[in-house]
Amino acid sequence: MVTYRDALNYIYSFTNFEVTPAGNYSSRTFDLTRMERLLAALGDPHKRFQSIHVAGTKGKGSTAALIESVLRAAKQRTGLYTSPHLHTFRERIRVGGEMISPDDVVAGVEKCKPLIAQVPGVTTFEVMTALAFDYFAARGVALAVVEVGLGGRLDATNVVLPRVSVITSISYDHTAILGHTLAQIAREKAGVIKPGVPVVTAPQRDEALRVIEAVAREKDAPLVTVTPDLRFSIADRSFRVLPQSQTLDSQTFTLQWCMRLSEKGGQAAALPVSDAQRGWATTPSKTTSNNLELATLNLKLLGRHQRVNAATALAAISVLRAQGIAISDEALRAGLANVQWHGRFEILARNPWVIVDGAHNADSAQQLVAALREFFPTARWRLIFGASGDKDIAGMFAALLPSAASLILTRSRNPRAADPARLAELAASYPIETSVALDLASALRDAARRAEPGDVICVTGSLFVVAEAREAWLADHGVKVERDS
């Protein structure tokens, strides 16, 4: 009899770019034809639900989780497909907020296996994606939020025709695959833009934004741009996200909006909008002059970068409302408040503080430093660092090490993990106390022995490192984490 472990072994038996870096990003390696053939054999399950497609370099997982949570609070039957997972494969595929069961993974694999055998060259991620889409269709999902795995243009998820496409912040990552300039990377991410389908973009650097704007024009896709000060416009409304307060438990902000007029004096209409959906809230919390406000929205995800993700998610939700999907202010408030996304500036313990954050490129490391400075301006930071060997480790060190008091280098179990000896060579030019630990459990114990009250132990460098750190820390404190192995 096939077991859950057998099913996972089968899924991972194909080419898996999460553990083996792709050497050739082309239609030979990443071929949508394979995905289309496999889905056709399954009865095209991706055409039996509607979707929101989320691409980008940073924040796409958090943004996808935010959108799904709001839609679920609005009583939609939701699916969520994300990658990678932290502890169990089941995290990747969720319906109504619940992870796919081990039995359903087994059933999905047994259904797909004879069809997969007819599609030469299929990859692990393609198998996962087909399994997720078939599960969503079978479970009657109405709206699925689908996160891109890598890039966008040639990603296996790019077979969906979404209600709205979303592009989160673009920065340098996977440069050997996607390109060495922001324009090249943005071109790959913008591959998710479909003809006539609205696209939302998070704040971008000019080089990336120009590419997104050009592709949107080429595809006649209405473009909603979130600006650096968190403004965006949908149809005849102009929105802004205004920060209110932030603690180490949550942050609050206000969503403010008002009527937007065109330059000719008439109502602007960048997107089609139904009469029933012209307002955001039927009973707004506050009215100030010509502005309406939904105040004290609560978000457990911390840091300014999560406000950017929230604003991007709100822009996507606004597009869906303009299309006629009913989402009340109560659903918005509840959906934002209920989101949890582990491994992203997550606080595991206090005094000394233990924080895990999956920053895996230079820009993400800079955002982590900004958050640490905001919350712990006078504390000593004791870093535990491990990264995949194909990442911009020098760029991450340039952001992290000048402000750190000590550094413990280690590695995850992932085959792509960089050798700590190589990490030590790259860190040698910084005047920082450095040591090496064999694994995350040892690194955490070493840091805890050295830490004093008020110190911050921060584990970062990759989500694989963060996952193992969470498992080790929680196990040492009597909390069992579900793991596949």
# chains A, B, ... in the order shown; residues from 1 in each chain; ligands from 1
>>> residues_around(residues="stretch 343-346 of chain A", least_positions_apart="2", cutoff="12 Å", atoms="only C-alpha atoms", output="ChimeraX atom specification")
/A:58-62,84-87,248-250,300-306,340-341,348-350,353-360,364-365,367-372,375,457-471
>>> write_last_selection(atoms="C-alpha atoms", output="PDB file, in the first residue's frame")
ATOM      1  CA  LYS A  58      10.264  39.426  -2.046  1.00  0.00           C
ATOM      2  CA  GLY A  59       7.029  39.256  -0.116  1.00  0.00           C
ATOM      3  CA  LYS A  60       5.006  37.144  -2.522  1.00  0.00           C
ATOM      4  CA  GLY A  61       4.269  34.478   0.087  1.00  0.00           C
ATOM      5  CA  SER A  62       3.126  37.025   2.664  1.00  0.00           C
ATOM      6  CA  PRO A  84       8.674  26.381  -0.403  1.00  0.00           C
ATOM      7  CA  HIS A  85       7.331  24.841   2.789  1.00  0.00           C
ATOM      8  CA  LEU A  86       8.994  25.186   6.183  1.00  0.00           C
ATOM      9  CA  HIS A  87       8.305  21.829   7.827  1.00  0.00           C
ATOM     10  CA  LEU A 248       6.369  43.677  18.957  1.00  0.00           C
ATOM     11  CA  ASP A 249       3.011  41.911  18.760  1.00  0.00           C
ATOM     12  CA  SER A 250       1.364  43.645  15.802  1.00  0.00           C
ATOM     13  CA  LYS A 300       0.477  40.521  13.141  1.00  0.00           C
ATOM     14  CA  LEU A 301       3.202  40.577  10.482  1.00  0.00           C
ATOM     15  CA  LEU A 302       5.868  43.054  11.594  1.00  0.00           C
ATOM     16  CA  GLY A 303       8.021  45.608   9.776  1.00  0.00           C
ATOM     17  CA  ARG A 304       7.541  48.285   7.158  1.00  0.00           C
ATOM     18  CA  HIS A 305       8.001  45.736   4.400  1.00  0.00           C
ATOM     19  CA  GLN A 306       4.875  43.967   5.629  1.00  0.00           C
ATOM     20  CA  GLN A 340       0.156  34.227  10.356  1.00  0.00           C
ATOM     21  CA  TRP A 341       3.148  33.566   8.123  1.00  0.00           C
ATOM     22  CA  LEU A 348      10.138  32.776  19.082  1.00  0.00           C
ATOM     23  CA  ALA A 349      11.282  34.007  22.506  1.00  0.00           C
ATOM     24  CA  ARG A 350      11.827  37.168  24.514  1.00  0.00           C
ATOM     25  CA  TRP A 353      14.963  37.670  22.005  1.00  0.00           C
ATOM     26  CA  VAL A 354      15.034  34.884  19.418  1.00  0.00           C
ATOM     27  CA  ILE A 355      13.913  35.955  15.943  1.00  0.00           C
ATOM     28  CA  VAL A 356      13.855  33.958  12.714  1.00  0.00           C
ATOM     29  CA  ASP A 357      13.633  35.642   9.332  1.00  0.00           C
ATOM     30  CA  GLY A 358      13.979  34.020   5.930  1.00  0.00           C
ATOM     31  CA  ALA A 359      15.867  36.902   4.271  1.00  0.00           C
ATOM     32  CA  HIS A 360      17.725  35.273   1.377  1.00  0.00           C
ATOM     33  CA  SER A 364      15.754  41.231   2.150  1.00  0.00           C
ATOM     34  CA  ALA A 365      18.748  41.452   4.477  1.00  0.00           C
ATOM     35  CA  GLN A 367      14.849  45.065   5.284  1.00  0.00           C
ATOM     36  CA  LEU A 368      15.716  42.768   8.177  1.00  0.00           C
ATOM     37  CA  VAL A 369      18.341  45.220   9.421  1.00  0.00           C
ATOM     38  CA  ALA A 370      15.809  48.063   9.170  1.00  0.00           C
ATOM     39  CA  ALA A 371      13.313  46.079  11.256  1.00  0.00           C
ATOM     40  CA  LEU A 372      15.943  45.173  13.869  1.00  0.00           C
ATOM     41  CA  PHE A 375      12.537  47.441  17.253  1.00  0.00           C
ATOM     42  CA  ILE A 457      19.522  36.175  18.557  1.00  0.00           C
ATOM     43  CA  CYS A 458      18.548  36.401  14.901  1.00  0.00           C
ATOM     44  CA  VAL A 459      18.554  33.393  12.572  1.00  0.00           C
ATOM     45  CA  THR A 460      18.573  34.284   8.889  1.00  0.00           C
ATOM     46  CA  GLY A 461      19.976  33.580   5.408  1.00  0.00           C
ATOM     47  CA  SER A 462      17.372  31.197   3.979  1.00  0.00           C
ATOM     48  CA  LEU A 463      13.981  29.685   4.699  1.00  0.00           C
ATOM     49  CA  PHE A 464      15.645  26.266   4.942  1.00  0.00           C
ATOM     50  CA  VAL A 465      17.811  27.547   7.806  1.00  0.00           C
ATOM     51  CA  VAL A 466      14.819  29.217   9.443  1.00  0.00           C
ATOM     52  CA  ALA A 467      12.779  26.013   9.241  1.00  0.00           C
ATOM     53  CA  GLU A 468      15.452  23.966  10.990  1.00  0.00           C
ATOM     54  CA  ALA A 469      15.963  26.680  13.593  1.00  0.00           C
ATOM     55  CA  ARG A 470      12.217  26.736  14.371  1.00  0.00           C
ATOM     56  CA  GLU A 471      12.159  22.956  14.688  1.00  0.00           C
TER      57      GLU A 471
END
>>> residues_around(residues="stretch 181-198 of chain A", least_positions_apart="6", cutoff="8 Å", atoms="only C-alpha atoms", output="PyMOL selection string")
chain A and resi 53+55-56+151-154+158+161-165+167+170-172+175+207-209+211-212+215-216+219-224+271+319
>>> write_last_selection(atoms="N, CA and C atoms", output="mmCIF file, in the first residue's frame")
data_model
loop_
_atom_site.group_PDB
_atom_site.id
_atom_site.type_symbol
_atom_site.label_atom_id
_atom_site.label_comp_id
_atom_site.auth_asym_id
_atom_site.auth_seq_id
_atom_site.Cartn_x
_atom_site.Cartn_y
_atom_site.Cartn_z
ATOM 1 N N HIS A 53 -2.921 35.405 -9.194
ATOM 2 C CA HIS A 53 -1.572 34.908 -9.461
ATOM 3 C C HIS A 53 -0.556 35.893 -8.902
ATOM 4 N N ALA A 55 3.413 36.900 -8.318
ATOM 5 C CA ALA A 55 4.831 36.757 -8.648
ATOM 6 C C ALA A 55 5.625 37.813 -7.883
ATOM 7 N N GLY A 56 6.955 37.796 -8.049
ATOM 8 C CA GLY A 56 7.812 38.783 -7.390
ATOM 9 C C GLY A 56 9.037 38.128 -6.791
ATOM 10 N N GLY A 151 10.561 32.906 -11.096
ATOM 11 C CA GLY A 151 10.380 33.774 -12.256
ATOM 12 C C GLY A 151 8.921 34.123 -12.464
ATOM 13 N N GLY A 152 8.345 33.613 -13.533
ATOM 14 C CA GLY A 152 6.957 33.909 -13.857
ATOM 15 C C GLY A 152 6.621 33.441 -15.258
ATOM 16 N N ARG A 153 7.365 33.917 -16.231
ATOM 17 C CA ARG A 153 7.069 33.632 -17.638
ATOM 18 C C ARG A 153 7.020 32.136 -17.915
ATOM 19 N N LEU A 154 7.988 31.388 -17.418
ATOM 20 C CA LEU A 154 8.068 29.956 -17.689
ATOM 21 C C LEU A 154 7.723 29.107 -16.475
ATOM 22 N N ASN A 158 2.073 29.371 -14.458
ATOM 23 C CA ASN A 158 1.671 30.406 -15.415
ATOM 24 C C ASN A 158 0.688 29.906 -16.470
ATOM 25 N N LEU A 161 -5.369 31.567 -15.870
ATOM 26 C CA LEU A 161 -5.848 32.844 -16.369
ATOM 27 C C LEU A 161 -6.533 33.534 -15.187
ATOM 28 N N PRO A 162 -5.828 34.415 -14.484
ATOM 29 C CA PRO A 162 -6.323 34.915 -13.198
ATOM 30 C C PRO A 162 -7.327 36.054 -13.329
ATOM 31 N N ARG A 163 -8.010 36.339 -12.226
ATOM 32 C CA ARG A 163 -8.831 37.545 -12.129
ATOM 33 C C ARG A 163 -7.936 38.774 -12.017
ATOM 34 N N VAL A 164 -6.804 38.620 -11.349
ATOM 35 C CA VAL A 164 -5.828 39.698 -11.205
ATOM 36 C C VAL A 164 -4.451 39.070 -11.028
ATOM 37 N N SER A 165 -3.452 39.671 -11.652
ATOM 38 C CA SER A 165 -2.053 39.284 -11.445
ATOM 39 C C SER A 165 -1.421 40.271 -10.470
ATOM 40 N N ILE A 167 2.423 41.524 -8.792
ATOM 41 C CA ILE A 167 3.889 41.453 -8.811
ATOM 42 C C ILE A 167 4.406 42.192 -7.589
ATOM 43 N N ILE A 170 10.525 43.508 -6.685
ATOM 44 C CA ILE A 170 11.529 42.817 -7.497
ATOM 45 C C ILE A 170 12.922 43.284 -7.091
ATOM 46 N N SER A 171 13.797 42.318 -6.859
ATOM 47 C CA SER A 171 15.192 42.641 -6.546
ATOM 48 C C SER A 171 16.075 41.558 -7.138
ATOM 49 N N TYR A 172 17.363 41.629 -6.857
ATOM 50 C CA TYR A 172 18.314 40.689 -7.446
ATOM 51 C C TYR A 172 18.262 39.358 -6.706
ATOM 52 N N THR A 175 19.932 35.346 -10.108
ATOM 53 C CA THR A 175 20.431 36.119 -11.249
ATOM 54 C C THR A 175 21.025 35.236 -12.340
ATOM 55 N N GLU A 207 13.783 50.969 -12.877
ATOM 56 C CA GLU A 207 14.179 50.061 -13.953
ATOM 57 C C GLU A 207 13.184 48.914 -14.094
ATOM 58 N N ALA A 208 12.719 48.372 -12.963
ATOM 59 C CA ALA A 208 11.752 47.275 -12.997
ATOM 60 C C ALA A 208 10.362 47.778 -13.366
ATOM 61 N N LEU A 209 9.988 48.943 -12.815
ATOM 62 C CA LEU A 209 8.646 49.475 -13.078
ATOM 63 C C LEU A 209 8.456 49.782 -14.552
ATOM 64 N N VAL A 211 9.657 48.253 -17.085
ATOM 65 C CA VAL A 211 9.395 47.001 -17.797
ATOM 66 C C VAL A 211 7.957 46.544 -17.560
ATOM 67 N N ILE A 212 7.504 46.591 -16.314
ATOM 68 C CA ILE A 212 6.136 46.174 -15.992
ATOM 69 C C ILE A 212 5.133 47.049 -16.734
ATOM 70 N N VAL A 215 5.098 46.029 -20.480
ATOM 71 C CA VAL A 215 4.414 44.754 -20.737
ATOM 72 C C VAL A 215 2.909 44.920 -20.556
ATOM 73 N N ALA A 216 2.506 45.680 -19.536
ATOM 74 C CA ALA A 216 1.076 45.921 -19.323
ATOM 75 C C ALA A 216 0.458 46.630 -20.531
ATOM 76 N N LYS A 219 0.073 44.158 -23.412
ATOM 77 C CA LYS A 219 -0.998 43.188 -23.191
ATOM 78 C C LYS A 219 -2.355 43.861 -22.965
ATOM 79 N N ASP A 220 -2.388 45.187 -23.035
ATOM 80 C CA ASP A 220 -3.622 45.918 -22.765
ATOM 81 C C ASP A 220 -4.204 45.509 -21.412
ATOM 82 N N ALA A 221 -3.314 45.377 -20.422
ATOM 83 C CA ALA A 221 -3.694 44.959 -19.077
ATOM 84 C C ALA A 221 -3.741 46.188 -18.169
ATOM 85 N N PRO A 222 -4.903 46.519 -17.590
ATOM 86 C CA PRO A 222 -4.970 47.663 -16.676
ATOM 87 C C PRO A 222 -3.971 47.501 -15.542
ATOM 88 N N LEU A 223 -3.174 48.541 -15.286
ATOM 89 C CA LEU A 223 -2.104 48.480 -14.297
ATOM 90 C C LEU A 223 -2.450 49.317 -13.077
ATOM 91 N N VAL A 224 -2.350 48.704 -11.899
ATOM 92 C CA VAL A 224 -2.521 49.400 -10.622
ATOM 93 C C VAL A 224 -1.157 49.418 -9.938
ATOM 94 N N LEU A 271 -10.287 51.027 -14.365
ATOM 95 C CA LEU A 271 -10.767 49.661 -14.378
ATOM 96 C C LEU A 271 -12.287 49.673 -14.429
ATOM 97 N N VAL A 319 -9.221 45.459 -6.662
ATOM 98 C CA VAL A 319 -9.533 45.070 -8.037
ATOM 99 C C VAL A 319 -10.646 44.022 -8.034
#
>>> closest_residue(among="A:Gln244, A:Asn298, A:Ser403, A:Thr129", to="A:Arg92", atoms="only C-alpha atoms")
A:Thr129
>>> select_by_dssp(residues="stretch 401-444 of chain A", states="strand (DSSP E)", output="list in words")
Ser406, Leu407, Ile408, Leu409, Glu433, Thr434, Ser435 and Val436 of chain A
>>> write_last_selection(atoms="C-alpha atoms", output="compact mmCIF listing (two decimals), in the first residue's frame")
# COMPACT_ATOMS: atom_id res chain seq x y z
CA SER A 406 28.66 38.20 16.82
CA LEU A 407 28.18 35.69 14.04
CA ILE A 408 27.63 31.93 14.09
CA LEU A 409 27.88 30.29 10.68
CA GLU A 433 33.40 37.61 16.51
CA THR A 434 32.77 34.57 14.28
CA SER A 435 32.34 30.87 14.97
CA VAL A 436 31.01 27.81 13.18
>>> closest_residue(among="A:Leu115, A:Leu332, A:Ile234, A:Leu80", to="A:Gly43", atoms="only C-alpha atoms")
A:Leu115
>>> residues_around(residues="A:Gly79", least_positions_apart="5", cutoff="12 Å", atoms="only C-alpha atoms", output="PyMOL selection string")
chain A and resi 46+49-53+64-65+67-69+71-72+91-100+132-147
>>> closest_residue(among="A:Leu42, A:Leu438, A:Leu230, A:Val119", to="A:Ala315", atoms="only C-alpha atoms")
A:Leu230
>>> atom_distance(atom1="atom CA of A:Ala451", atom2="atom CA of A:Gly386")
19.3 Å
>>> residues_around(residues="A:Ala334", least_positions_apart="3", cutoff="8 Å", atoms="only C-alpha atoms", output="ChimeraX atom specification")
/A:70,73,330-331,337-338
>>> closest_residue(among="A:Leu401, A:Ile327, A:Thr225, A:Arg382", to="A:Val200", atoms="only C-alpha atoms")
A:Thr225
>>> residues_around(residues="A:Ala472", least_positions_apart="2", cutoff="10 Å", atoms="only C-alpha atoms", output="JSON, numbers by chain")
{"A": [439, 440, 441, 442, 443, 444, 445, 466, 467, 468, 469, 470, 474, 475, 476, 477, 479, 480, 481]}
>>> write_last_selection(atoms="N, CA and C atoms", output="tab-separated table (two decimals), in the first residue's frame")
chain	number	residue	atom	x	y	z
A	439	ASP	N	25.25	22.47	13.06
A	439	ASP	CA	23.85	22.46	12.65
A	439	ASP	C	23.12	23.57	13.40
A	440	LEU	N	21.84	23.74	13.10
A	440	LEU	CA	21.06	24.83	13.69
A	440	LEU	C	20.83	24.63	15.17
A	441	ALA	N	20.62	23.39	15.60
A	441	ALA	CA	20.40	23.14	17.03
A	441	ALA	C	21.63	23.56	17.83
A	442	SER	N	22.81	23.19	17.34
A	442	SER	CA	24.05	23.57	18.03
A	442	SER	C	24.25	25.08	18.02
A	443	ALA	N	23.95	25.71	16.89
A	443	ALA	CA	24.11	27.16	16.78
A	443	ALA	C	23.21	27.89	17.77
A	444	LEU	N	21.97	27.45	17.90
A	444	LEU	CA	21.05	28.10	18.82
A	444	LEU	C	21.49	27.94	20.26
A	445	ARG	N	21.93	26.75	20.62
A	445	ARG	CA	22.39	26.53	22.00
A	445	ARG	C	23.62	27.37	22.30
A	466	VAL	N	15.86	28.80	8.51
A	466	VAL	CA	14.82	29.22	9.44
A	466	VAL	C	13.96	28.03	9.86
A	467	ALA	N	13.61	27.17	8.93
A	467	ALA	CA	12.78	26.01	9.24
A	467	ALA	C	13.47	25.12	10.27
A	468	GLU	N	14.74	24.83	10.06
A	468	GLU	CA	15.45	23.97	10.99
A	468	GLU	C	15.65	24.64	12.34
A	469	ALA	N	15.84	25.95	12.33
A	469	ALA	CA	15.96	26.68	13.59
A	469	ALA	C	14.65	26.63	14.37
A	470	ARG	N	13.52	26.82	13.70
A	470	ARG	CA	12.22	26.74	14.37
A	470	ARG	C	12.02	25.35	14.98
A	474	LEU	N	11.80	25.02	19.04
A	474	LEU	CA	10.53	24.57	19.59
A	474	LEU	C	10.66	23.21	20.25
A	475	ALA	N	11.47	22.32	19.66
A	475	ALA	CA	11.69	21.00	20.27
A	475	ALA	C	12.36	21.14	21.63
A	476	ASP	N	13.33	22.03	21.75
A	476	ASP	CA	14.02	22.25	23.03
A	476	ASP	C	13.08	22.82	24.08
A	477	HIS	N	11.96	23.40	23.63
A	477	HIS	CA	11.00	24.00	24.57
A	477	HIS	C	9.69	23.22	24.61
A	479	VAL	N	7.77	21.86	22.29
A	479	VAL	CA	6.73	22.05	21.28
A	479	VAL	C	7.08	21.20	20.05
A	480	LYS	N	6.19	20.30	19.70
A	480	LYS	CA	6.43	19.41	18.57
A	480	LYS	C	5.97	20.07	17.28
A	481	VAL	N	6.83	20.04	16.28
A	481	VAL	CA	6.51	20.57	14.96
A	481	VAL	C	6.34	19.42	13.98
>>> atom_distance(atom1="atom CA of A:Pro228", atom2="atom CA of A:Leu242")
11.9 Å
>>> select_by_dssp(residues="stretch 171-403 of chain A", states="helix (DSSP H, G or I)", output="PyMOL selection string")
chain A and resi 175-178+182-192+206-218+275-277+304-322+329-337+362-375+393-403
>>> write_last_selection(atoms="C-alpha atoms", output="short mmCIF file (atom, residue, chain, number, x, y, z; two decimals), in the first residue's frame")
data_model
loop_
_atom_site.label_atom_id
_atom_site.label_comp_id
_atom_site.auth_asym_id
_atom_site.auth_seq_id
_atom_site.Cartn_x
_atom_site.Cartn_y
_atom_site.Cartn_z
CA THR A 175 20.43 36.12 -11.25
CA ALA A 176 22.16 33.20 -12.98
CA ILE A 177 18.72 32.06 -14.10
CA LEU A 178 16.55 35.16 -14.46
CA LEU A 182 16.55 44.37 -12.77
CA ALA A 183 15.08 44.88 -16.23
CA GLN A 184 15.82 41.27 -17.21
CA ILE A 185 14.43 39.93 -13.94
CA ALA A 186 11.35 42.15 -14.22
CA ARG A 187 10.73 40.89 -17.76
CA GLU A 188 10.56 37.33 -16.43
CA LYS A 189 8.29 38.32 -13.52
CA ALA A 190 6.05 40.34 -15.86
CA GLY A 191 5.49 37.16 -17.84
CA VAL A 192 2.51 36.53 -15.55
CA ASP A 206 12.33 52.60 -11.81
CA GLU A 207 14.18 50.06 -13.95
CA ALA A 208 11.75 47.28 -13.00
CA LEU A 209 8.65 49.47 -13.08
CA ARG A 210 9.35 50.62 -16.64
CA VAL A 211 9.39 47.00 -17.80
CA ILE A 212 6.14 46.17 -15.99
CA GLU A 213 4.48 49.26 -17.46
CA ALA A 214 5.65 48.35 -20.97
CA VAL A 215 4.41 44.75 -20.74
CA ALA A 216 1.08 45.92 -19.32
CA ARG A 217 0.69 48.27 -22.31
CA GLU A 218 1.62 45.49 -24.73
CA ASP A 275 -22.21 50.10 -9.27
CA ALA A 276 -22.65 47.78 -6.31
CA GLN A 277 -18.94 47.80 -5.55
CA ARG A 304 7.54 48.29 7.16
CA HIS A 305 8.00 45.74 4.40
CA GLN A 306 4.88 43.97 5.63
CA ARG A 307 2.93 47.23 5.34
CA VAL A 308 4.06 47.28 1.71
CA ASN A 309 2.84 43.70 1.29
CA ALA A 310 -0.46 44.59 2.97
CA ALA A 311 -0.93 47.61 0.67
CA THR A 312 -0.23 45.41 -2.36
CA ALA A 313 -2.72 42.82 -1.13
CA LEU A 314 -5.31 45.55 -0.52
CA ALA A 315 -4.83 46.81 -4.06
CA ALA A 316 -5.49 43.30 -5.40
CA ILE A 317 -8.55 42.97 -3.16
CA SER A 318 -9.75 46.35 -4.46
CA VAL A 319 -9.53 45.07 -8.04
CA LEU A 320 -11.57 42.01 -7.08
CA ARG A 321 -14.20 44.25 -5.47
CA ALA A 322 -14.32 46.35 -8.61
CA ASP A 329 -15.01 45.90 5.76
CA GLU A 330 -15.55 43.27 8.47
CA ALA A 331 -13.99 40.61 6.24
CA LEU A 332 -11.07 42.89 5.45
CA ARG A 333 -10.43 43.61 9.12
CA ALA A 334 -10.72 39.96 10.17
CA GLY A 335 -8.69 38.66 7.24
CA LEU A 336 -5.74 40.94 7.93
CA ALA A 337 -5.82 40.32 11.68
CA ALA A 362 20.73 41.51 -0.15
CA ASP A 363 17.51 43.53 -0.31
CA SER A 364 15.75 41.23 2.15
CA ALA A 365 18.75 41.45 4.48
CA GLN A 366 18.53 45.25 4.36
CA GLN A 367 14.85 45.06 5.28
CA LEU A 368 15.72 42.77 8.18
CA VAL A 369 18.34 45.22 9.42
CA ALA A 370 15.81 48.06 9.17
CA ALA A 371 13.31 46.08 11.26
CA LEU A 372 15.94 45.17 13.87
CA ARG A 373 17.00 48.81 14.14
CA GLU A 374 13.38 49.89 14.47
CA PHE A 375 12.54 47.44 17.25
CA ILE A 393 26.06 36.01 0.32
CA ALA A 394 28.49 38.93 0.04
CA GLY A 395 25.55 41.30 -0.43
CA MET A 396 23.75 39.87 2.58
CA PHE A 397 26.88 40.17 4.72
CA ALA A 398 27.33 43.79 3.63
CA ALA A 399 23.86 44.53 5.00
CA LEU A 400 23.96 42.41 8.15
CA LEU A 401 27.46 42.24 9.58
CA PRO A 402 28.37 45.92 10.19
CA SER A 403 25.68 46.13 12.89
#
>>> closest_residue(among="A:Val159, A:Val2, A:Ala117, A:Val122", to="A:Arg34", atoms="only C-alpha atoms")
A:Val122
>>> atom_distance(atom1="atom CA of A:Val226", atom2="atom CA of A:Lys75")
26.5 Å
>>> decode(residues="stretch 108-148 of chain A", atoms="C-alpha atoms", output="mmCIF file, in the first residue's frame")
data_model
loop_
_atom_site.group_PDB
_atom_site.id
_atom_site.type_symbol
_atom_site.label_atom_id
_atom_site.label_comp_id
_atom_site.auth_asym_id
_atom_site.auth_seq_id
_atom_site.Cartn_x
_atom_site.Cartn_y
_atom_site.Cartn_z
ATOM 1 C CA GLY A 108 -3.567 12.767 -5.656
ATOM 2 C CA VAL A 109 -0.274 11.076 -6.450
ATOM 3 C CA GLU A 110 -1.977 7.777 -7.298
ATOM 4 C CA LYS A 111 -4.354 9.620 -9.641
ATOM 5 C CA CYS A 112 -1.593 11.637 -11.330
ATOM 6 C CA LYS A 113 1.074 8.938 -11.532
ATOM 7 C CA PRO A 114 -0.067 7.154 -14.742
ATOM 8 C CA LEU A 115 -0.637 10.509 -16.438
ATOM 9 C CA ILE A 116 2.771 11.845 -15.373
ATOM 10 C CA ALA A 117 4.377 8.792 -16.967
ATOM 11 C CA GLN A 118 3.072 10.023 -20.331
ATOM 12 C CA VAL A 119 4.793 13.444 -20.031
ATOM 13 C CA PRO A 120 8.585 13.099 -20.426
ATOM 14 C CA GLY A 121 10.787 15.569 -18.566
ATOM 15 C CA VAL A 122 8.257 16.560 -15.926
ATOM 16 C CA THR A 123 9.736 18.272 -12.836
ATOM 17 C CA THR A 124 8.955 18.027 -9.138
ATOM 18 C CA PHE A 125 7.379 21.483 -9.089
ATOM 19 C CA GLU A 126 5.179 20.616 -12.054
ATOM 20 C CA VAL A 127 3.963 17.498 -10.244
ATOM 21 C CA MET A 128 3.256 19.569 -7.129
ATOM 22 C CA THR A 129 1.380 22.189 -9.135
ATOM 23 C CA ALA A 130 -0.751 19.623 -10.945
ATOM 24 C CA LEU A 131 -1.530 17.951 -7.623
ATOM 25 C CA ALA A 132 -2.540 21.304 -6.097
ATOM 26 C CA PHE A 133 -4.755 22.362 -9.006
ATOM 27 C CA ASP A 134 -6.491 18.978 -9.149
ATOM 28 C CA TYR A 135 -7.087 19.125 -5.386
ATOM 29 C CA PHE A 136 -8.524 22.637 -5.610
ATOM 30 C CA ALA A 137 -10.925 21.585 -8.351
ATOM 31 C CA ALA A 138 -11.999 18.450 -6.492
ATOM 32 C CA ARG A 139 -12.636 20.413 -3.298
ATOM 33 C CA GLY A 140 -14.793 23.023 -5.008
ATOM 34 C CA VAL A 141 -12.450 25.977 -4.573
ATOM 35 C CA ALA A 142 -13.936 29.216 -5.928
ATOM 36 C CA LEU A 143 -10.843 31.457 -5.688
ATOM 37 C CA ALA A 144 -7.285 30.149 -5.445
ATOM 38 C CA VAL A 145 -4.321 32.357 -4.609
ATOM 39 C CA VAL A 146 -1.372 30.897 -6.519
ATOM 40 C CA GLU A 147 2.223 31.884 -5.786
ATOM 41 C CA VAL A 148 4.793 31.628 -8.559
#
